[in-house]
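Below: the structure, in C-alpha cells.
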Amino acid sequence: MAIGVKHFVKGRLKNNNYVVFDDKTKEAILIDCSCADDEIMNWIKDKGLTLKFILLTHGHFDHVLGVNYYKKKYNIPAYLYEKDKALLGRVNEYMDMLGWSRVDTPEVQCFDLTQQFKLGKETIKVIATPGHTLGGVCYIIDGNLFSGDTLFHGACGRTDLIESDGAAMQKSLATLFKQLPDETPVYPGHGATTTIGDERGLY
C-alpha cells in the first residue's frame, strides 16, 4: 500500500490539516480541518482522490471550524472521540474570547475505541491520548503518527486549560514513546513534522 500525506497549514492559528491518501485506490481522508479552503479541495480534485471522511484529533475550535463545510461539500461524515463531545458546545465560547464571528456547532459523529476506520485496506489505529483535552486521540496510519495537539516538534500540548490534565499528558506521552519506534514520523496539529526519536529525550 502506498500511503501519501499532503500537509496544509490553514486558519488564523496556523493549524496543520492533512490529506492522507492511498495512491492505489485513490481513497483519501482529512485529518483535522481548521477552515474551508479552496486549495485543499483543488488539490484533492487534481489528484483524482475521493475524500471518504474526516478524522478529528480533538474538539478544540481551531481544529474543527471547517467540518460543516467539508461535510456538505463532499457528503461525508466527520468523527470525534466521544470524550471530547462537550468541547464542541464551547466552540463559540472560544470564538467570543478571540473576537471572532460565531459559527454553527460542528456536526460530528462520536466514536468509541471499538470503532474501526480504514483507508483502502489499511486499518487506522486510534490511541487515546488525554492531556491536552479529555478526548484527545492520535492516529497511526501505515506507520505514521498524526498527533494532534498531544506531541509537537520540541513540545507537547498545553495542559493549563480547564479541559487539560498534566498528569494525563505525561502518561499519554509515555504510551506513545513505549509503543512507537524512533523512526516513526510525527505529524502534529501545529508546527513542523518530527519523529518519535527526536522527541523521546525531551520528556
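Letters A, B, ... go to the chains of the C-alpha cells in the order shown; residues in each chain start at 1; ligands are counted from 1 in the same order.
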
For stretch 23-40 of chain A: contacts at 6 Å, only C-alpha atoms, fewer than 2 positions along chain excluded, given as a list in words: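 Returned residues: Ala2, Gly11, Asn17, Tyr18, Val19, Val20, Phe21, Asn42, Trp43, Leu49, Thr50, Leu51, Lys52, Phe53, Ile54, Leu55, Leu56, Asp62, His63, Val64, Leu65 and Gly66 of chain A.
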
For the residues in the current selection, export C-alpha atoms as a PDB file, in the first residue's frame.
ATOM      1  CA  ALA A   2       1.336   3.405  -0.958  1.00  0.00           C
ATOM      2  CA  GLY A  11      -6.552  29.126   9.558  1.00  0.00           C
ATOM      3  CA  ASN A  17      -4.552  19.898   8.043  1.00  0.00           C
ATOM      4  CA  TYR A  18      -3.558  16.573   6.479  1.00  0.00           C
ATOM      5  CA  VAL A  19      -4.945  14.829   3.445  1.00  0.00           C
ATOM      6  CA  VAL A  20      -3.894  11.195   3.809  1.00  0.00           C
ATOM      7  CA  PHE A  21      -4.446   9.082   0.720  1.00  0.00           C
ATOM      8  CA  ASN A  42      -8.493  21.820  -5.647  1.00  0.00           C
ATOM      9  CA  TRP A  43      -5.567  19.593  -4.682  1.00  0.00           C
ATOM     10  CA  LEU A  49      -8.909  11.474  -4.962  1.00  0.00           C
ATOM     11  CA  THR A  50     -12.191  10.562  -3.309  1.00  0.00           C
ATOM     12  CA  LEU A  51     -12.494  12.034   0.186  1.00  0.00           C
ATOM     13  CA  LYS A  52     -14.151   9.402   2.404  1.00  0.00           C
ATOM     14  CA  PHE A  53     -14.356  11.002   5.856  1.00  0.00           C
ATOM     15  CA  ILE A  54     -12.825  13.444   8.335  1.00  0.00           C
ATOM     16  CA  LEU A  55     -10.992  12.387  11.486  1.00  0.00           C
ATOM     17  CA  LEU A  56     -10.554  14.915  14.287  1.00  0.00           C
ATOM     18  CA  ASP A  62      -9.352  25.680  15.763  1.00  0.00           C
ATOM     19  CA  HIS A  63      -9.304  22.064  14.581  1.00  0.00           C
ATOM     20  CA  VAL A  64     -12.986  21.780  13.662  1.00  0.00           C
ATOM     21  CA  LEU A  65     -14.096  25.047  12.039  1.00  0.00           C
ATOM     22  CA  GLY A  66     -14.111  23.541   8.550  1.00  0.00           C
TER      23      GLY A  66
END

Selection: 10 Å around A:Thr133, only C-alpha atoms, excl. self and same-chain fewer than 2 positions, as an MDAnalysis selection string: chainID A and resid 57:60 83:84 87 129:131 135:137 149:150 157:159 161:166 168:169

Would you mind exporting N, CA and C atoms of the selected residues as a PDB file, in the first residue's frame?
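Done, and the output landed in result_15.pdb:
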ATOM      1  N   THR A  57      -8.610  15.065  15.698  1.00  0.00           N
ATOM      2  CA  THR A  57      -7.738  14.638  16.788  1.00  0.00           C
ATOM      3  C   THR A  57      -8.272  15.054  18.149  1.00  0.00           C
ATOM      4  N   HIS A  58      -9.033  16.145  18.189  1.00  0.00           N
ATOM      5  CA  HIS A  58      -9.680  16.584  19.427  1.00  0.00           C
ATOM      6  C   HIS A  58     -10.697  17.671  19.078  1.00  0.00           C
ATOM      7  N   GLY A  59     -11.407  18.152  20.086  1.00  0.00           N
ATOM      8  CA  GLY A  59     -12.540  19.014  19.827  1.00  0.00           C
ATOM      9  C   GLY A  59     -12.312  20.502  19.937  1.00  0.00           C
ATOM     10  N   HIS A  60     -11.078  20.958  20.062  1.00  0.00           N
ATOM     11  CA  HIS A  60     -10.854  22.402  20.147  1.00  0.00           C
ATOM     12  C   HIS A  60     -11.265  23.110  18.858  1.00  0.00           C
ATOM     13  N   LYS A  83     -15.257  11.341  24.108  1.00  0.00           N
ATOM     14  CA  LYS A  83     -14.917  12.056  25.339  1.00  0.00           C
ATOM     15  C   LYS A  83     -14.648  13.543  25.116  1.00  0.00           C
ATOM     16  N   ASP A  84     -14.588  13.964  23.853  1.00  0.00           N
ATOM     17  CA  ASP A  84     -14.421  15.394  23.561  1.00  0.00           C
ATOM     18  C   ASP A  84     -15.701  16.040  23.040  1.00  0.00           C
ATOM     19  N   LEU A  87     -16.703  19.585  24.153  1.00  0.00           N
ATOM     20  CA  LEU A  87     -15.937  20.733  23.667  1.00  0.00           C
ATOM     21  C   LEU A  87     -16.599  21.394  22.467  1.00  0.00           C
ATOM     22  N   THR A 129      -5.132   9.664  23.837  1.00  0.00           N
ATOM     23  CA  THR A 129      -4.027  10.419  24.444  1.00  0.00           C
ATOM     24  C   THR A 129      -4.569  11.637  25.182  1.00  0.00           C
ATOM     25  N   PRO A 130      -5.292  11.408  26.284  1.00  0.00           N
ATOM     26  CA  PRO A 130      -5.791  12.545  27.060  1.00  0.00           C
ATOM     27  C   PRO A 130      -4.647  13.362  27.647  1.00  0.00           C
ATOM     28  N   GLY A 131      -4.933  14.609  27.904  1.00  0.00           N
ATOM     29  CA  GLY A 131      -3.935  15.508  28.473  1.00  0.00           C
ATOM     30  C   GLY A 131      -4.222  16.925  28.033  1.00  0.00           C
ATOM     31  N   GLY A 135     -10.553  14.046  25.564  1.00  0.00           N
ATOM     32  CA  GLY A 135     -10.767  13.088  24.489  1.00  0.00           C
ATOM     33  C   GLY A 135      -9.806  13.209  23.339  1.00  0.00           C
ATOM     34  N   GLY A 136      -8.629  13.730  23.591  1.00  0.00           N
ATOM     35  CA  GLY A 136      -7.635  13.801  22.530  1.00  0.00           C
ATOM     36  C   GLY A 136      -7.193  12.410  22.097  1.00  0.00           C
ATOM     37  N   VAL A 137      -6.996  12.235  20.794  1.00  0.00           N
ATOM     38  CA  VAL A 137      -6.507  10.962  20.267  1.00  0.00           C
ATOM     39  C   VAL A 137      -5.416  11.218  19.246  1.00  0.00           C
ATOM     40  N   ASP A 149      -2.720  17.816  19.027  1.00  0.00           N
ATOM     41  CA  ASP A 149      -2.034  18.713  19.967  1.00  0.00           C
ATOM     42  C   ASP A 149      -1.478  17.953  21.166  1.00  0.00           C
ATOM     43  N   THR A 150      -1.201  16.663  20.974  1.00  0.00           N
ATOM     44  CA  THR A 150      -0.540  15.893  22.029  1.00  0.00           C
ATOM     45  C   THR A 150       0.961  16.096  21.972  1.00  0.00           C
ATOM     46  N   GLY A 157       1.430  19.342  24.016  1.00  0.00           N
ATOM     47  CA  GLY A 157       0.285  20.239  24.049  1.00  0.00           C
ATOM     48  C   GLY A 157       0.108  20.935  25.386  1.00  0.00           C
ATOM     49  N   ARG A 158      -0.566  22.057  25.357  1.00  0.00           N
ATOM     50  CA  ARG A 158      -0.838  22.821  26.578  1.00  0.00           C
ATOM     51  C   ARG A 158      -1.655  21.990  27.561  1.00  0.00           C
ATOM     52  N   THR A 159      -1.354  22.161  28.824  1.00  0.00           N
ATOM     53  CA  THR A 159      -2.122  21.478  29.874  1.00  0.00           C
ATOM     54  C   THR A 159      -2.621  22.457  30.933  1.00  0.00           C
ATOM     55  N   LEU A 161      -5.271  24.474  30.393  1.00  0.00           N
ATOM     56  CA  LEU A 161      -6.661  24.782  30.095  1.00  0.00           C
ATOM     57  C   LEU A 161      -7.582  24.009  31.030  1.00  0.00           C
ATOM     58  N   ILE A 162      -8.827  24.476  31.139  1.00  0.00           N
ATOM     59  CA  ILE A 162      -9.754  23.844  32.079  1.00  0.00           C
ATOM     60  C   ILE A 162     -10.016  22.383  31.719  1.00  0.00           C
ATOM     61  N   GLU A 163      -9.908  22.052  30.418  1.00  0.00           N
ATOM     62  CA  GLU A 163     -10.154  20.681  29.990  1.00  0.00           C
ATOM     63  C   GLU A 163      -8.873  19.846  29.913  1.00  0.00           C
ATOM     64  N   SER A 164      -7.766  20.389  30.422  1.00  0.00           N
ATOM     65  CA  SER A 164      -6.472  19.717  30.331  1.00  0.00           C
ATOM     66  C   SER A 164      -6.093  19.033  31.634  1.00  0.00           C
ATOM     67  N   ASP A 165      -5.093  18.140  31.533  1.00  0.00           N
ATOM     68  CA  ASP A 165      -4.625  17.382  32.695  1.00  0.00           C
ATOM     69  C   ASP A 165      -3.155  17.040  32.464  1.00  0.00           C
ATOM     70  N   GLY A 166      -2.279  17.679  33.220  1.00  0.00           N
ATOM     71  CA  GLY A 166      -0.841  17.497  33.045  1.00  0.00           C
ATOM     72  C   GLY A 166      -0.371  16.077  33.313  1.00  0.00           C
ATOM     73  N   ALA A 168      -2.170  13.343  33.026  1.00  0.00           N
ATOM     74  CA  ALA A 168      -2.646  12.509  31.923  1.00  0.00           C
ATOM     75  C   ALA A 168      -1.777  12.693  30.689  1.00  0.00           C
ATOM     76  N   MET A 169      -1.321  13.912  30.448  1.00  0.00           N
ATOM     77  CA  MET A 169      -0.452  14.163  29.306  1.00  0.00           C
ATOM     78  C   MET A 169       0.841  13.360  29.416  1.00  0.00           C
TER      79      MET A 169
END

For A:Phe117: contacts at 10 Å, only C-alpha atoms, fewer than 4 positions along chain excluded, given as a PyMOL selection string: chain A and resi 53+55+79+121-126

Would you mind exporting N, CA and C atoms of the selected residues as an mmCIF file, in the first residue's frame?
data_model
loop_
_atom_site.group_PDB
_atom_site.id
_atom_site.type_symbol
_atom_site.label_atom_id
_atom_site.label_comp_id
_atom_site.auth_asym_id
_atom_site.auth_seq_id
_atom_site.Cartn_x
_atom_site.Cartn_y
_atom_site.Cartn_z
ATOM 1 N N PHE A 53 -13.890 10.501 4.564
ATOM 2 C CA PHE A 53 -14.356 11.002 5.856
ATOM 3 C C PHE A 53 -13.304 11.900 6.469
ATOM 4 N N LEU A 55 -11.338 12.796 10.126
ATOM 5 C CA LEU A 55 -10.992 12.387 11.486
ATOM 6 C C LEU A 55 -10.474 13.603 12.243
ATOM 7 N N TYR A 79 -15.629 12.470 12.309
ATOM 8 C CA TYR A 79 -15.612 11.655 13.514
ATOM 9 C C TYR A 79 -14.751 12.293 14.605
ATOM 10 N N LYS A 121 -7.080 -0.616 2.275
ATOM 11 C CA LYS A 121 -7.030 -1.831 3.076
ATOM 12 C C LYS A 121 -6.331 -1.619 4.420
ATOM 13 N N GLU A 122 -5.861 -0.415 4.657
ATOM 14 C CA GLU A 122 -5.106 -0.111 5.879
ATOM 15 C C GLU A 122 -6.048 0.235 7.023
ATOM 16 N N THR A 123 -5.921 -0.491 8.133
ATOM 17 C CA THR A 123 -6.677 -0.154 9.337
ATOM 18 C C THR A 123 -5.982 0.989 10.061
ATOM 19 N N ILE A 124 -6.751 2.000 10.411
ATOM 20 C CA ILE A 124 -6.222 3.161 11.130
ATOM 21 C C ILE A 124 -6.271 2.867 12.631
ATOM 22 N N LYS A 125 -5.128 2.925 13.269
ATOM 23 C CA LYS A 125 -5.079 2.677 14.709
ATOM 24 C C LYS A 125 -5.354 3.968 15.466
ATOM 25 N N VAL A 126 -6.234 3.904 16.446
ATOM 26 C CA VAL A 126 -6.576 5.056 17.279
ATOM 27 C C VAL A 126 -5.982 4.848 18.673
#

Which of A:Val186, A:Val9, A:Leu80, A:Leu88 sits closest to A:Asp104 [using only C-alpha atoms]: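 Using only C-alpha atoms, the shortest distance to A:Asp104 belongs to A:Leu88.
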
Contact residues around A:Met95 with only C-alpha atoms at 12 Å, ignoring same-chain residues under 2 positions, as a compact mmCIF listing (two decimals) with N, CA and C atoms, in the first residue's frame:
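Result file follows (part-v2.txt):
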# COMPACT_ATOMS: atom_id res chain seq x y z
N ARG A 12 -6.32 30.96 11.05
CA ARG A 12 -5.61 32.06 11.72
C ARG A 12 -4.65 31.59 12.80
N HIS A 60 -11.08 20.96 20.06
CA HIS A 60 -10.85 22.40 20.15
C HIS A 60 -11.27 23.11 18.86
N PHE A 61 -11.78 24.31 19.03
CA PHE A 61 -12.41 25.05 17.94
C PHE A 61 -11.53 25.19 16.71
N ASP A 62 -10.22 25.40 16.90
CA ASP A 62 -9.35 25.68 15.76
C ASP A 62 -9.08 24.45 14.90
N LEU A 65 -13.27 23.99 12.64
CA LEU A 65 -14.10 25.05 12.04
C LEU A 65 -14.47 24.77 10.58
N LEU A 88 -17.34 20.64 21.69
CA LEU A 88 -17.99 21.23 20.53
C LEU A 88 -19.02 22.28 20.94
N GLY A 89 -19.62 22.08 22.11
CA GLY A 89 -20.57 23.05 22.61
C GLY A 89 -19.92 24.32 23.11
N ARG A 90 -18.59 24.33 23.18
CA ARG A 90 -17.86 25.50 23.66
C ARG A 90 -17.13 26.24 22.54
N VAL A 91 -17.37 25.83 21.30
CA VAL A 91 -16.66 26.46 20.19
C VAL A 91 -16.88 27.96 20.18
N ASN A 92 -18.12 28.40 20.35
CA ASN A 92 -18.37 29.84 20.29
C ASN A 92 -17.89 30.59 21.53
N GLU A 93 -17.69 29.87 22.60
CA GLU A 93 -17.05 30.48 23.77
C GLU A 93 -15.64 30.94 23.40
N MET A 97 -14.05 34.80 22.89
CA MET A 97 -12.83 35.22 23.57
C MET A 97 -11.85 35.89 22.61
N LEU A 98 -11.82 35.39 21.36
CA LEU A 98 -10.88 35.91 20.37
C LEU A 98 -11.47 37.04 19.53
N GLY A 99 -12.74 37.33 19.75
CA GLY A 99 -13.38 38.38 18.98
C GLY A 99 -13.69 37.96 17.55
N TRP A 100 -13.83 36.65 17.33
CA TRP A 100 -14.14 36.13 16.01
C TRP A 100 -15.64 35.94 15.87
N SER A 101 -16.12 35.87 14.64
CA SER A 101 -17.55 35.68 14.39
C SER A 101 -17.99 34.30 14.84
N ARG A 102 -19.18 34.23 15.41
CA ARG A 102 -19.73 32.95 15.85
C ARG A 102 -20.02 32.04 14.66
N VAL A 103 -20.05 30.74 14.93
CA VAL A 103 -20.27 29.74 13.88
C VAL A 103 -21.32 28.74 14.35
N ASP A 104 -21.86 27.98 13.41
CA ASP A 104 -22.73 26.87 13.77
C ASP A 104 -21.88 25.76 14.43
N THR A 105 -22.47 25.08 15.39
CA THR A 105 -21.75 24.00 16.05
C THR A 105 -21.38 22.92 15.03
